[in-house]
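To keep things clear, I will list the structure first and then write my remarks on it.
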Amino acid sequence: MTQTATNSNVLTADEHLDYDVIVIGAGIAGIYQLYKLRDIGMRVRLFEAGTGVGGTWYWNRYPGARFDSESYSYGYSFSQELLDEWDWSEHFASQPEILRYLQHVANKFDLIKDMQFSSDVQSAIYRDDTRCWEIELQGGSRFRSRFLITGIGTLSQPTLPRIQGIDSFSGQSFHTSRWPHEPVSYKGKRVAVVGTGATGVQTIQEVCKDVGHLTVFQRRPNWCAPLHNSKIDPDEMKEIRAGYNEIFETCNQTNAGFLHTADSRSTFEVSEEQRHEFWEHLYASKGFGIWQGNFKDVLTDPKANEAMSNFVADKIRQRVNDPEIAEKLIPTDHGFGTRRVPLETNYYESYNRDNVELIDINKTPIKKVTSKGIVTSDREFEFDLIIYATGFDAVLGSYDRINIVGINECKLVDQWRKELSTFLGIQINNFPNLFMIMGPHALLGNNPRSIEFNVEWITDLIQHMRARNFTRAEATAEAVASWYKHVSEQGEGLLTNQVDSWMTGINSNLDGRQKRILIRYSGTQSTYRKRCNEVAESGYAALNLM
Ligand code: NAP
């Protein structure tokens, strides 16, 4: 690819710009991107819709919200000083602590001064004559920058169920990710939770302790596994701190950036006794080991997956007193780990409580919401509070809500509706100078590990361009096609890609999200990083730089 600097043209000069880079989103991604760009001397402005930093951990304040990855594998790894001074209080920290951590990072590195809150980006339009992005905030203010970087999250656009009368409820009702900042009292009250994904599970097991009565409306159960959270005392924190190098090295080597990775054995290569011993060990161990650290074929071989599912089904039967309720909680339409595994603490035991009731809405569908509560096909329920843990317009929703327009008036939403394609999950053909942190077809996994990698890759590219006076970067159509092919190949044979979930782009509450699509990169972290590194090492030959 020819790489020539042609920005002698005055129109592409920097003086016409408000900033070198605009970053959208003050979550884990945006915070680190701002830090890195400022570090290399760029003029950066970060716009955030919320009133403070935190992203996912700012919005998701629902009761019970906490990490499912070990706290010390989730924090930033870039600053030794930060690692030295921050103490985690639990192996899986809760949302208030995580938010405090992110606020601490933003304050420590003096990042707030370049952030603008309550600033919802409505549109982003690329001007090829000046090689810049023009963004417009709600309220009409406009800013221009050479580059636009999105750190807008993969699960940040909430979706409410499409139920008749949903607005007519006279009590309180919230989507979990729009939980109010002020305390919500549910003590002694009649509460409903709709949805039993990772969020619903965390909410249910927490609120059931205090409510008068909890009614759970479940459409499809998920395969949940124990979190095994515990406190970290000062001595243990000392040990963790001494082991940070090893922790991050492990995360860098594993398939998806977690502390856990697939066992090298396959399920039926060991004896039945060894198999069960291993599964018992995983069931008794912390975190995602049971999902990410299982036999290597559990998520690819249907027979292995069935055996694992049977093991977990038995665990559910042992933990839930009422056999009929236990059966309702056992998934029958997908195998263990083929959807994201919610991690739980006494979730199944919640259903042994007298104040908790499980409604299978496949048998008795929700007909409507009224001012008093929820009406199903056979009953009317009255509630004081309805909690919708009904998920997100995953990966795409946060892009679709912004009017993003590239060259030749090409709208991103239309381009992706025709075919969802990107280059490395970072760049998009027809959208020069736009870089996504963990966009579609990027590796998700343990998010901060992927974020740090993506941010550093983008920063290196911008530095490369600056050193050569390049002002325009666009992934070529060939590079995008080749990435699409690679993403498709990596997704082949994975059971995860053969079931309906947000990971396959399904959302029953939205038109146009009923067909499974490849929405994320499902190869390993090392394959993903190798590809990205090769692009950088080639001098970004897959991009048109000028
Ligand atoms: P989700 O996994 O998409 O689950 C949404 C739930 O709502 C499902 O049970 C779904 O049922 C139900 N639902 C949706 N629409 C409904 C309707 N119209 N009527 C009845 N039920 C309806 O969403 P989520 O639980 O918010 O989790 C999303 C992702 O966020 C997780 O997979 C995870 O990656 C992330 N998360 C992470 C953490 C953490 O790291 N600590 C915690 C929470 C969430 P169906 O299954 O039948 O569609």
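How things are named: the first chain in the structure tokens is A, the next is B, and so on; residues count from 1 in each chain; ligands count from 1 in the order shown.
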
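Residues of protein or nucleic acid lying within 6 Å of ligand 1, counting only C-alpha atoms and all ligand atoms, are Arg66, Phe67, Asp68, Pro161, Arg162, Val194, Gly195, Thr196, Gly197, Ala198, Thr199, Gly200, Arg219, Arg220, Arg340, Ala389, Thr390, Gly391, Trp502 and Asn509 of chain A.
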
Those selected residues, please, written with N, CA, C and O atoms and delivered as a CSV table (one decimal), in the first residue's frame.
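That gives us out35.csv:
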chain,number,residue,atom,x,y,z
A,66,ARG,N,-21.2,-7.1,40.8
A,66,ARG,CA,-19.8,-7.2,41.2
A,66,ARG,C,-19.0,-7.9,40.1
A,66,ARG,O,-19.6,-8.4,39.1
A,67,PHE,N,-17.7,-8.0,40.2
A,67,PHE,CA,-16.8,-8.7,39.2
A,67,PHE,C,-17.2,-10.1,39.1
A,67,PHE,O,-17.5,-10.8,40.2
A,68,ASP,N,-17.0,-10.7,38.0
A,68,ASP,CA,-17.0,-12.1,37.8
A,68,ASP,C,-15.6,-12.6,37.5
A,68,ASP,O,-15.3,-13.8,37.4
A,161,PRO,N,-38.0,-5.0,27.9
A,161,PRO,CA,-38.8,-5.9,27.2
A,161,PRO,C,-40.0,-5.2,26.5
A,161,PRO,O,-40.4,-4.1,26.9
A,162,ARG,N,-40.4,-5.8,25.4
A,162,ARG,CA,-41.6,-5.2,24.7
A,162,ARG,C,-42.8,-5.8,25.3
A,162,ARG,O,-43.3,-6.8,24.8
A,194,VAL,N,-37.4,-9.5,36.2
A,194,VAL,CA,-37.6,-10.1,34.9
A,194,VAL,C,-36.2,-10.3,34.3
A,194,VAL,O,-35.5,-9.3,34.1
A,195,GLY,N,-35.9,-11.6,34.0
A,195,GLY,CA,-34.6,-11.9,33.3
A,195,GLY,C,-33.7,-12.6,34.3
A,195,GLY,O,-33.5,-12.2,35.5
A,196,THR,N,-33.0,-13.6,33.7
A,196,THR,CA,-32.1,-14.5,34.6
A,196,THR,C,-30.8,-14.7,33.9
A,196,THR,O,-30.2,-15.8,33.9
A,197,GLY,N,-30.2,-13.6,33.3
A,197,GLY,CA,-28.8,-13.7,32.8
A,197,GLY,C,-27.9,-13.4,34.0
A,197,GLY,O,-28.3,-13.4,35.1
A,198,ALA,N,-26.6,-13.1,33.6
A,198,ALA,CA,-25.7,-12.8,34.7
A,198,ALA,C,-26.1,-11.7,35.6
A,198,ALA,O,-25.9,-11.7,36.8
A,199,THR,N,-26.8,-10.7,35.0
A,199,THR,CA,-27.2,-9.5,35.9
A,199,THR,C,-28.4,-10.0,36.8
A,199,THR,O,-28.4,-9.7,38.0
A,200,GLY,N,-29.4,-10.6,36.2
A,200,GLY,CA,-30.5,-11.1,36.9
A,200,GLY,C,-30.1,-12.0,38.1
A,200,GLY,O,-30.6,-11.8,39.2
A,219,ARG,N,-37.5,-16.6,31.5
A,219,ARG,CA,-37.9,-17.2,30.1
A,219,ARG,C,-37.0,-18.4,29.9
A,219,ARG,O,-37.5,-19.5,29.8
A,220,ARG,N,-35.7,-18.2,29.8
A,220,ARG,CA,-34.8,-19.3,29.7
A,220,ARG,C,-33.8,-19.3,30.8
A,220,ARG,O,-33.2,-18.3,31.1
A,340,ARG,N,-22.9,-17.1,28.1
A,340,ARG,CA,-22.0,-16.6,29.1
A,340,ARG,C,-22.5,-17.2,30.5
A,340,ARG,O,-23.7,-17.0,30.8
A,389,ALA,N,-34.0,-7.0,34.3
A,389,ALA,CA,-32.6,-7.4,34.1
A,389,ALA,C,-32.6,-8.1,32.7
A,389,ALA,O,-32.2,-9.2,32.5
A,390,THR,N,-33.0,-7.3,31.7
A,390,THR,CA,-33.3,-7.8,30.4
A,390,THR,C,-32.2,-7.6,29.4
A,390,THR,O,-32.5,-7.8,28.2
A,391,GLY,N,-31.1,-7.2,29.8
A,391,GLY,CA,-29.9,-7.2,28.9
A,391,GLY,C,-29.8,-6.0,28.0
A,391,GLY,O,-30.4,-4.9,28.2
A,502,TRP,N,-26.7,-12.9,23.5
A,502,TRP,CA,-26.2,-11.6,23.0
A,502,TRP,C,-24.9,-11.9,22.2
A,502,TRP,O,-24.5,-11.1,21.4
A,509,ASN,N,-36.0,-8.3,22.0
A,509,ASN,CA,-36.7,-7.0,22.2
A,509,ASN,C,-36.5,-6.0,21.1
A,509,ASN,O,-37.0,-4.8,21.2

Using only C-alpha atoms, which residues sit within 12 Å of stretch 206-212 of chain A once same-chain residues fewer than 3 positions away are excluded, as a ChimeraX atom specification? /A:62-66,94,184-193,199-203,215-216,344-358,383-387

May I have the residues within 8 Å of A:Asn446 as a PDB file with all heavy atoms, in the first residue's frame, using only C-alpha atoms and disregarding those fewer than 6 positions away in the same chain?
ATOM      1  N   SER A  69     -14.667 -11.641  37.221  1.00  0.00           N
ATOM      2  CA  SER A  69     -13.236 -11.945  37.058  1.00  0.00           C
ATOM      3  C   SER A  69     -12.568 -11.559  38.374  1.00  0.00           C
ATOM      4  O   SER A  69     -13.021 -10.636  39.049  1.00  0.00           O
ATOM      5  CB  SER A  69     -12.603 -11.077  35.976  1.00  0.00           C
ATOM      6  OG  SER A  69     -13.201 -11.291  34.747  1.00  0.00           O
ATOM      7  N   TYR A  74      -8.378  -7.888  36.841  1.00  0.00           N
ATOM      8  CA  TYR A  74      -9.262  -6.976  36.109  1.00  0.00           C
ATOM      9  C   TYR A  74      -8.744  -5.544  36.136  1.00  0.00           C
ATOM     10  O   TYR A  74      -9.051  -4.755  35.257  1.00  0.00           O
ATOM     11  CB  TYR A  74     -10.662  -7.046  36.736  1.00  0.00           C
ATOM     12  CG  TYR A  74     -11.788  -6.493  35.885  1.00  0.00           C
ATOM     13  CD1 TYR A  74     -12.601  -7.338  35.132  1.00  0.00           C
ATOM     14  CD2 TYR A  74     -12.058  -5.137  35.855  1.00  0.00           C
ATOM     15  CE1 TYR A  74     -13.649  -6.838  34.370  1.00  0.00           C
ATOM     16  CE2 TYR A  74     -13.104  -4.623  35.092  1.00  0.00           C
ATOM     17  CZ  TYR A  74     -13.899  -5.482  34.357  1.00  0.00           C
ATOM     18  OH  TYR A  74     -14.936  -4.979  33.608  1.00  0.00           O
ATOM     19  N   ALA A 256      -8.512 -16.201  26.724  1.00  0.00           N
ATOM     20  CA  ALA A 256      -9.380 -15.019  26.673  1.00  0.00           C
ATOM     21  C   ALA A 256      -9.013 -13.957  27.698  1.00  0.00           C
ATOM     22  O   ALA A 256      -9.834 -13.107  28.034  1.00  0.00           O
ATOM     23  CB  ALA A 256     -10.834 -15.447  26.844  1.00  0.00           C
ATOM     24  N   GLY A 257      -7.781 -14.011  28.219  1.00  0.00           N
ATOM     25  CA  GLY A 257      -7.321 -12.962  29.121  1.00  0.00           C
ATOM     26  C   GLY A 257      -7.717 -13.158  30.574  1.00  0.00           C
ATOM     27  O   GLY A 257      -7.450 -12.294  31.409  1.00  0.00           O
ATOM     28  N   PHE A 258      -8.371 -14.280  30.865  1.00  0.00           N
ATOM     29  CA  PHE A 258      -8.719 -14.560  32.262  1.00  0.00           C
ATOM     30  C   PHE A 258      -7.537 -15.260  32.936  1.00  0.00           C
ATOM     31  O   PHE A 258      -6.559 -15.632  32.278  1.00  0.00           O
ATOM     32  CB  PHE A 258      -9.955 -15.473  32.333  1.00  0.00           C
ATOM     33  CG  PHE A 258     -11.200 -14.837  31.788  1.00  0.00           C
ATOM     34  CD1 PHE A 258     -11.681 -15.174  30.533  1.00  0.00           C
ATOM     35  CD2 PHE A 258     -11.911 -13.900  32.537  1.00  0.00           C
ATOM     36  CE1 PHE A 258     -12.831 -14.594  30.016  1.00  0.00           C
ATOM     37  CE2 PHE A 258     -13.061 -13.314  32.029  1.00  0.00           C
ATOM     38  CZ  PHE A 258     -13.530 -13.656  30.772  1.00  0.00           C
TER      39      PHE A 258
END

Extract, using only C-alpha atoms, all DNA, RNA and protein residues at most 8 Å from stretch 145-153 of chain A, discarding same-chain residues fewer than 5 positions from it, and format them as a ChimeraX atom specification. /A:14,17-27,29-30,55-56,131-134,395,398-399,433-438,471

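The smallest atom-to-atom distance between A:Ile361 and any of A:Thr338, A:Glu246, A:Pro221, A:Ile330, using only C-alpha atoms, is found for A:Pro221.
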
Residues at most 12 Å from A:Gly165, counting only C-alpha atoms, excluding those fewer than 6 positions away in the same chain, as a ChimeraX atom specification? /A:366-375

Taking N, CA and C atoms for each residue, export the selection above as a PDB file, in the first residue's frame.
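And here's again39.pdb as it stands now:
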ATOM      1  N   ILE A 366     -46.022 -13.545  30.076  1.00  0.00           N
ATOM      2  CA  ILE A 366     -46.439 -12.218  30.533  1.00  0.00           C
ATOM      3  C   ILE A 366     -47.345 -11.621  29.454  1.00  0.00           C
ATOM      4  N   LYS A 367     -48.509 -11.172  29.877  1.00  0.00           N
ATOM      5  CA  LYS A 367     -49.460 -10.579  28.922  1.00  0.00           C
ATOM      6  C   LYS A 367     -49.331  -9.063  28.901  1.00  0.00           C
ATOM      7  N   LYS A 368     -49.209  -8.500  30.106  1.00  0.00           N
ATOM      8  CA  LYS A 368     -49.086  -7.026  30.155  1.00  0.00           C
ATOM      9  C   LYS A 368     -48.585  -6.565  31.518  1.00  0.00           C
ATOM     10  N   VAL A 369     -48.165  -5.322  31.536  1.00  0.00           N
ATOM     11  CA  VAL A 369     -47.859  -4.657  32.798  1.00  0.00           C
ATOM     12  C   VAL A 369     -49.005  -3.675  33.037  1.00  0.00           C
ATOM     13  N   THR A 370     -49.473  -3.646  34.277  1.00  0.00           N
ATOM     14  CA  THR A 370     -50.549  -2.702  34.612  1.00  0.00           C
ATOM     15  C   THR A 370     -50.019  -1.716  35.652  1.00  0.00           C
ATOM     16  N   SER A 371     -50.882  -0.832  36.105  1.00  0.00           N
ATOM     17  CA  SER A 371     -50.424   0.123  37.119  1.00  0.00           C
ATOM     18  C   SER A 371     -50.042  -0.607  38.406  1.00  0.00           C
ATOM     19  N   LYS A 372     -50.623  -1.791  38.604  1.00  0.00           N
ATOM     20  CA  LYS A 372     -50.375  -2.497  39.874  1.00  0.00           C
ATOM     21  C   LYS A 372     -49.244  -3.511  39.783  1.00  0.00           C
ATOM     22  N   GLY A 373     -49.020  -4.073  38.602  1.00  0.00           N
ATOM     23  CA  GLY A 373     -48.008  -5.123  38.531  1.00  0.00           C
ATOM     24  C   GLY A 373     -47.945  -5.808  37.181  1.00  0.00           C
ATOM     25  N   ILE A 374     -47.810  -7.142  37.214  1.00  0.00           N
ATOM     26  CA  ILE A 374     -47.619  -7.901  35.970  1.00  0.00           C
ATOM     27  C   ILE A 374     -48.734  -8.946  35.851  1.00  0.00           C
ATOM     28  N   VAL A 375     -49.289  -9.028  34.656  1.00  0.00           N
ATOM     29  CA  VAL A 375     -50.343 -10.014  34.413  1.00  0.00           C
ATOM     30  C   VAL A 375     -49.790 -11.093  33.484  1.00  0.00           C
TER      31      VAL A 375
END

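What separates atom CA of A:Ala475 from atom CA of A:Gln498 is a distance of 29.6 Å.
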
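From atom CA of A:Phe47 back to atom CA of A:Ser119, the distance works out to 5.6 Å.
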
For the contact check between stretch 16-59 of chain A and stretch 76-84 of chain A, emit one row per residue of stretch 16-59 of chain A within 10 Å, containing the shortest atom pair and the distance in Å rounded to one decimal, counting only C-alpha atoms, chain then rising number order, as CSV.
residue,atom,partner,partner_atom,distance
A:Ile28,CA,A:Tyr76,CA,8.5
A:Tyr32,CA,A:Tyr76,CA,8.5
A:Lys36,CA,A:Phe78,CA,9.9

Can I get the selection written as a PDB file, in the first residue's frame, with N, CA and C atoms?
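Done, and the output landed in part.pdb:
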ATOM      1  N   ILE A  28     -13.458   2.023  31.400  1.00  0.00           N
ATOM      2  CA  ILE A  28     -12.090   1.499  31.510  1.00  0.00           C
ATOM      3  C   ILE A  28     -11.296   1.816  30.238  1.00  0.00           C
ATOM      4  N   TYR A  32      -8.122   4.831  29.966  1.00  0.00           N
ATOM      5  CA  TYR A  32      -6.745   4.453  29.596  1.00  0.00           C
ATOM      6  C   TYR A  32      -6.321   5.107  28.280  1.00  0.00           C
ATOM      7  N   LYS A  36      -3.013   7.420  27.743  1.00  0.00           N
ATOM      8  CA  LYS A  36      -1.953   7.093  26.775  1.00  0.00           C
ATOM      9  C   LYS A  36      -1.724   8.238  25.791  1.00  0.00           C
TER      10      LYS A  36
END

Could you name the residues that touch A:Tyr244 at 9 Å or less, counting only C-alpha atoms, but leaving out those on the same chain fewer than 2 positions away, as a PyMOL selection string? chain A and resi 72-73+77+83+239-242+246-249

Let's see if you can do this: from backbone DSSP, list all strand (DSSP E) residues in stretch 223-463 of chain A, as a compact mmCIF listing (two decimals) with all heavy atoms, in the first residue's frame.
# COMPACT_ATOMS: atom_id res chain seq x y z
N ALA A 225 -22.74 -21.08 37.85
CA ALA A 225 -21.75 -21.83 38.63
C ALA A 225 -21.27 -20.96 39.79
O ALA A 225 -21.31 -19.73 39.70
CB ALA A 225 -20.57 -22.22 37.74
N PRO A 226 -20.81 -21.58 40.88
CA PRO A 226 -20.44 -20.81 42.08
C PRO A 226 -19.25 -19.88 41.85
O PRO A 226 -18.27 -20.26 41.22
CB PRO A 226 -20.07 -21.88 43.10
CG PRO A 226 -20.62 -23.15 42.60
CD PRO A 226 -20.67 -23.05 41.10
N LEU A 343 -21.98 -16.24 37.24
CA LEU A 343 -21.38 -16.77 38.47
C LEU A 343 -22.26 -16.33 39.63
O LEU A 343 -22.77 -15.21 39.65
CB LEU A 343 -19.94 -16.31 38.61
CG LEU A 343 -19.00 -16.87 37.53
CD1 LEU A 343 -17.56 -16.40 37.74
CD2 LEU A 343 -19.04 -18.40 37.47
N GLU A 344 -22.42 -17.24 40.60
CA GLU A 344 -23.43 -17.00 41.63
C GLU A 344 -22.94 -17.34 43.03
O GLU A 344 -21.99 -18.11 43.18
CB GLU A 344 -24.71 -17.79 41.31
CG GLU A 344 -24.49 -19.27 40.94
CD GLU A 344 -24.42 -20.25 42.10
OE1 GLU A 344 -24.96 -19.94 43.17
OE2 GLU A 344 -23.82 -21.33 41.91
N VAL A 356 -39.50 -16.42 47.92
CA VAL A 356 -39.09 -16.34 46.51
C VAL A 356 -39.92 -17.31 45.67
O VAL A 356 -40.09 -18.48 46.03
CB VAL A 356 -37.58 -16.68 46.35
CG1 VAL A 356 -37.19 -16.66 44.87
CG2 VAL A 356 -36.73 -15.68 47.13
N GLU A 357 -40.41 -16.79 44.56
CA GLU A 357 -41.23 -17.61 43.68
C GLU A 357 -40.69 -17.51 42.25
O GLU A 357 -40.33 -16.42 41.80
CB GLU A 357 -42.67 -17.08 43.73
CG GLU A 357 -43.66 -17.91 42.93
CD GLU A 357 -45.09 -17.40 43.07
OE1 GLU A 357 -45.28 -16.26 43.58
OE2 GLU A 357 -46.01 -18.12 42.67
N LEU A 358 -40.64 -18.64 41.58
CA LEU A 358 -40.13 -18.66 40.20
C LEU A 358 -41.29 -18.88 39.23
O LEU A 358 -42.02 -19.86 39.34
CB LEU A 358 -39.11 -19.80 40.05
CG LEU A 358 -38.50 -20.01 38.67
CD1 LEU A 358 -37.64 -18.82 38.25
CD2 LEU A 358 -37.65 -21.29 38.65
N ILE A 359 -41.42 -17.96 38.29
CA ILE A 359 -42.49 -18.10 37.28
C ILE A 359 -41.85 -18.40 35.93
O ILE A 359 -41.02 -17.62 35.44
CB ILE A 359 -43.32 -16.79 37.17
CG1 ILE A 359 -43.91 -16.39 38.53
CG2 ILE A 359 -44.42 -16.92 36.11
CD1 ILE A 359 -44.87 -17.38 39.14
N ASP A 360 -42.23 -19.52 35.38
CA ASP A 360 -41.71 -19.91 34.06
C ASP A 360 -42.62 -19.28 33.01
O ASP A 360 -43.75 -19.74 32.79
CB ASP A 360 -41.74 -21.45 33.97
CG ASP A 360 -41.28 -21.95 32.62
OD1 ASP A 360 -41.07 -21.11 31.71
OD2 ASP A 360 -41.16 -23.18 32.46
N ILE A 366 -46.02 -13.55 30.08
CA ILE A 366 -46.44 -12.22 30.53
C ILE A 366 -47.35 -11.62 29.45
O ILE A 366 -46.99 -11.59 28.28
CB ILE A 366 -45.22 -11.30 30.76
CG1 ILE A 366 -44.35 -11.84 31.91
CG2 ILE A 366 -45.65 -9.87 31.05
CD1 ILE A 366 -43.07 -11.05 32.18
N LYS A 367 -48.51 -11.17 29.88
CA LYS A 367 -49.46 -10.58 28.92
C LYS A 367 -49.33 -9.06 28.90
O LYS A 367 -49.38 -8.44 27.86
CB LYS A 367 -50.90 -10.94 29.30
CG LYS A 367 -51.22 -12.41 29.11
CD LYS A 367 -51.31 -12.72 27.63
CE LYS A 367 -51.60 -14.18 27.36
NZ LYS A 367 -51.20 -14.60 26.03
N LYS A 368 -49.21 -8.50 30.11
CA LYS A 368 -49.09 -7.03 30.16
C LYS A 368 -48.59 -6.57 31.52
O LYS A 368 -48.62 -7.34 32.50
CB LYS A 368 -50.43 -6.36 29.83
CG LYS A 368 -51.55 -6.74 30.75
CD LYS A 368 -52.83 -6.02 30.35
CE LYS A 368 -53.98 -6.52 31.24
NZ LYS A 368 -55.26 -5.96 30.95
N VAL A 369 -48.16 -5.32 31.54
CA VAL A 369 -47.86 -4.66 32.80
C VAL A 369 -49.00 -3.68 33.04
O VAL A 369 -49.47 -3.01 32.11
CB VAL A 369 -46.50 -3.90 32.72
CG1 VAL A 369 -46.25 -3.09 33.98
CG2 VAL A 369 -45.35 -4.87 32.49
N GLY A 373 -49.02 -4.07 38.60
CA GLY A 373 -48.01 -5.12 38.53
C GLY A 373 -47.95 -5.81 37.18
O GLY A 373 -48.05 -5.16 36.14
N ILE A 374 -47.81 -7.14 37.21
CA ILE A 374 -47.62 -7.90 35.97
C ILE A 374 -48.73 -8.95 35.85
O ILE A 374 -49.05 -9.65 36.82
CB ILE A 374 -46.23 -8.59 35.97
CG1 ILE A 374 -45.12 -7.53 35.88
CG2 ILE A 374 -46.11 -9.60 34.83
CD1 ILE A 374 -43.69 -8.08 35.93
N VAL A 375 -49.29 -9.03 34.66
CA VAL A 375 -50.34 -10.01 34.41
C VAL A 375 -49.79 -11.09 33.48
O VAL A 375 -49.29 -10.79 32.40
CB VAL A 375 -51.58 -9.35 33.76
CG1 VAL A 375 -52.67 -10.37 33.46
CG2 VAL A 375 -52.11 -8.23 34.66
N THR A 376 -49.85 -12.35 33.95
CA THR A 376 -49.45 -13.46 33.07
C THR A 376 -50.71 -14.14 32.56
O THR A 376 -51.82 -13.73 32.89
CB THR A 376 -48.59 -14.51 33.81
OG1 THR A 376 -49.39 -15.12 34.83
CG2 THR A 376 -47.35 -13.90 34.42
N GLU A 380 -52.54 -12.53 38.16
CA GLU A 380 -52.21 -11.11 38.22
C GLU A 380 -51.35 -10.90 39.46
O GLU A 380 -51.73 -11.33 40.56
CB GLU A 380 -53.50 -10.29 38.33
CG GLU A 380 -53.24 -8.84 38.24
CD GLU A 380 -54.51 -8.02 38.01
OE1 GLU A 380 -55.58 -8.62 37.78
OE2 GLU A 380 -54.39 -6.79 38.07
N PHE A 381 -50.17 -10.30 39.29
CA PHE A 381 -49.24 -10.09 40.41
C PHE A 381 -49.18 -8.61 40.72
O PHE A 381 -49.10 -7.79 39.81
CB PHE A 381 -47.82 -10.53 40.02
CG PHE A 381 -47.67 -11.99 39.68
CD1 PHE A 381 -48.01 -12.45 38.42
CD2 PHE A 381 -47.16 -12.88 40.62
CE1 PHE A 381 -47.84 -13.79 38.09
CE2 PHE A 381 -46.98 -14.22 40.30
CZ PHE A 381 -47.32 -14.67 39.03
N GLU A 382 -49.18 -8.30 42.02
CA GLU A 382 -49.03 -6.89 42.41
C GLU A 382 -47.63 -6.66 42.97
O GLU A 382 -47.14 -7.47 43.75
CB GLU A 382 -50.09 -6.52 43.45
CG GLU A 382 -51.48 -6.52 42.85
CD GLU A 382 -52.53 -5.91 43.74
OE1 GLU A 382 -52.19 -5.43 44.85
OE2 GLU A 382 -53.70 -5.91 43.33
N LEU A 385 -42.08 -2.84 43.23
CA LEU A 385 -40.88 -2.54 42.43
C LEU A 385 -40.71 -3.63 41.36
O LEU A 385 -40.81 -4.82 41.67
CB LEU A 385 -39.66 -2.54 43.37
CG LEU A 385 -38.25 -2.54 42.78
CD1 LEU A 385 -37.99 -1.25 42.01
CD2 LEU A 385 -37.20 -2.67 43.90
N ILE A 386 -40.47 -3.19 40.13
CA ILE A 386 -40.17 -4.16 39.05
C ILE A 386 -38.76 -3.89 38.55
O ILE A 386 -38.43 -2.75 38.17
CB ILE A 386 -41.17 -4.07 37.87
CG1 ILE A 386 -42.60 -4.31 38.36
CG2 ILE A 386 -40.80 -5.08 36.78
CD1 ILE A 386 -43.67 -4.18 37.26
N ILE A 387 -37.93 -4.92 38.55
CA ILE A 387 -36.54 -4.79 38.09
C ILE A 387 -36.41 -5.52 36.76
O ILE A 387 -36.68 -6.73 36.68
CB ILE A 387 -35.56 -5.40 39.12
CG1 ILE A 387 -35.73 -4.72 40.49
CG2 ILE A 387 -34.12 -5.27 38.62
CD1 ILE A 387 -34.94 -5.38 41.62
N TYR A 388 -36.03 -4.80 35.74
CA TYR A 388 -35.83 -5.43 34.42
C TYR A 388 -34.34 -5.72 34.24
O TYR A 388 -33.53 -4.80 34.05
CB TYR A 388 -36.33 -4.50 33.31
CG TYR A 388 -37.83 -4.29 33.36
CD1 TYR A 388 -38.36 -3.07 33.81
CD2 TYR A 388 -38.71 -5.29 32.98
CE1 TYR A 388 -39.74 -2.88 33.87
CE2 TYR A 388 -40.09 -5.10 33.04
CZ TYR A 388 -40.59 -3.89 33.49
OH TYR A 388 -41.95 -3.71 33.56
N ASN A 403 -25.21 8.89 15.25
CA ASN A 403 -25.27 9.02 13.80
C ASN A 403 -23.83 9.14 13.28
O ASN A 403 -23.28 10.23 13.20
CB ASN A 403 -26.11 10.25 13.43
CG ASN A 403 -26.17 10.45 11.93
OD1 ASN A 403 -26.22 9.49 11.16
ND2 ASN A 403 -26.13 11.72 11.51
N ILE A 404 -23.23 8.00 12.93
CA ILE A 404 -21.83 8.00 12.50
C ILE A 404 -21.80 7.93 10.97
O ILE A 404 -22.33 6.99 10.37
CB ILE A 404 -21.06 6.80 13.12
CG1 ILE A 404 -21.13 6.87 14.66
CG2 ILE A 404 -19.60 6.80 12.64
CD1 ILE A 404 -20.47 5.72 15.39
N VAL A 405 -21.20 8.96 10.38
CA VAL A 405 -21.21 9.06 8.91
C VAL A 405 -19.76 9.17 8.41
O VAL A 405 -19.00 10.01 8.90
CB VAL A 405 -22.02 10.29 8.44
CG1 VAL A 405 -22.10 10.35 6.92
CG2 VAL A 405 -23.43 10.27 9.04
N LEU A 434 -11.27 6.70 12.38
CA LEU A 434 -12.12 6.25 13.49
C LEU A 434 -11.54 4.94 14.02
O LEU A 434 -11.33 3.99 13.25
CB LEU A 434 -13.57 6.02 12.99
CG LEU A 434 -14.51 5.29 13.95
CD1 LEU A 434 -14.70 6.06 15.25
CD2 LEU A 434 -15.88 5.05 13.29
N PHE A 435 -11.26 4.91 15.30
CA PHE A 435 -10.73 3.70 15.91
C PHE A 435 -11.65 3.26 17.05
O PHE A 435 -12.03 4.09 17.88
CB PHE A 435 -9.32 3.94 16.47
CG PHE A 435 -8.36 4.47 15.44
CD1 PHE A 435 -7.76 5.71 15.60
CD2 PHE A 435 -8.07 3.74 14.30
CE1 PHE A 435 -6.90 6.22 14.64
CE2 PHE A 435 -7.21 4.24 13.33
CZ PHE A 435 -6.62 5.47 13.50
N MET A 436 -11.96 1.99 17.05
CA MET A 436 -12.85 1.46 18.09
C MET A 436 -12.03 0.65 19.09
O MET A 436 -11.20 -0.17 18.70
CB MET A 436 -13.89 0.53 17.46
CG MET A 436 -14.75 1.18 16.40
SD MET A 436 -15.90 0.00 15.64
CE MET A 436 -14.78 -1.01 14.68

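Across A:Ile458, A:Val44, A:Leu424, A:Cys532, the tightest approach to A:Val480 is made by A:Leu424 when counting only C-alpha atoms.
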
Selection near A:Arg531, 12 Å with only C-alpha atoms, sequence-local residues under 4 positions removed, as a PyMOL selection string: chain A and resi 423-425+442-443+457+479+482-483+486-487+523-527+535-538+540+542
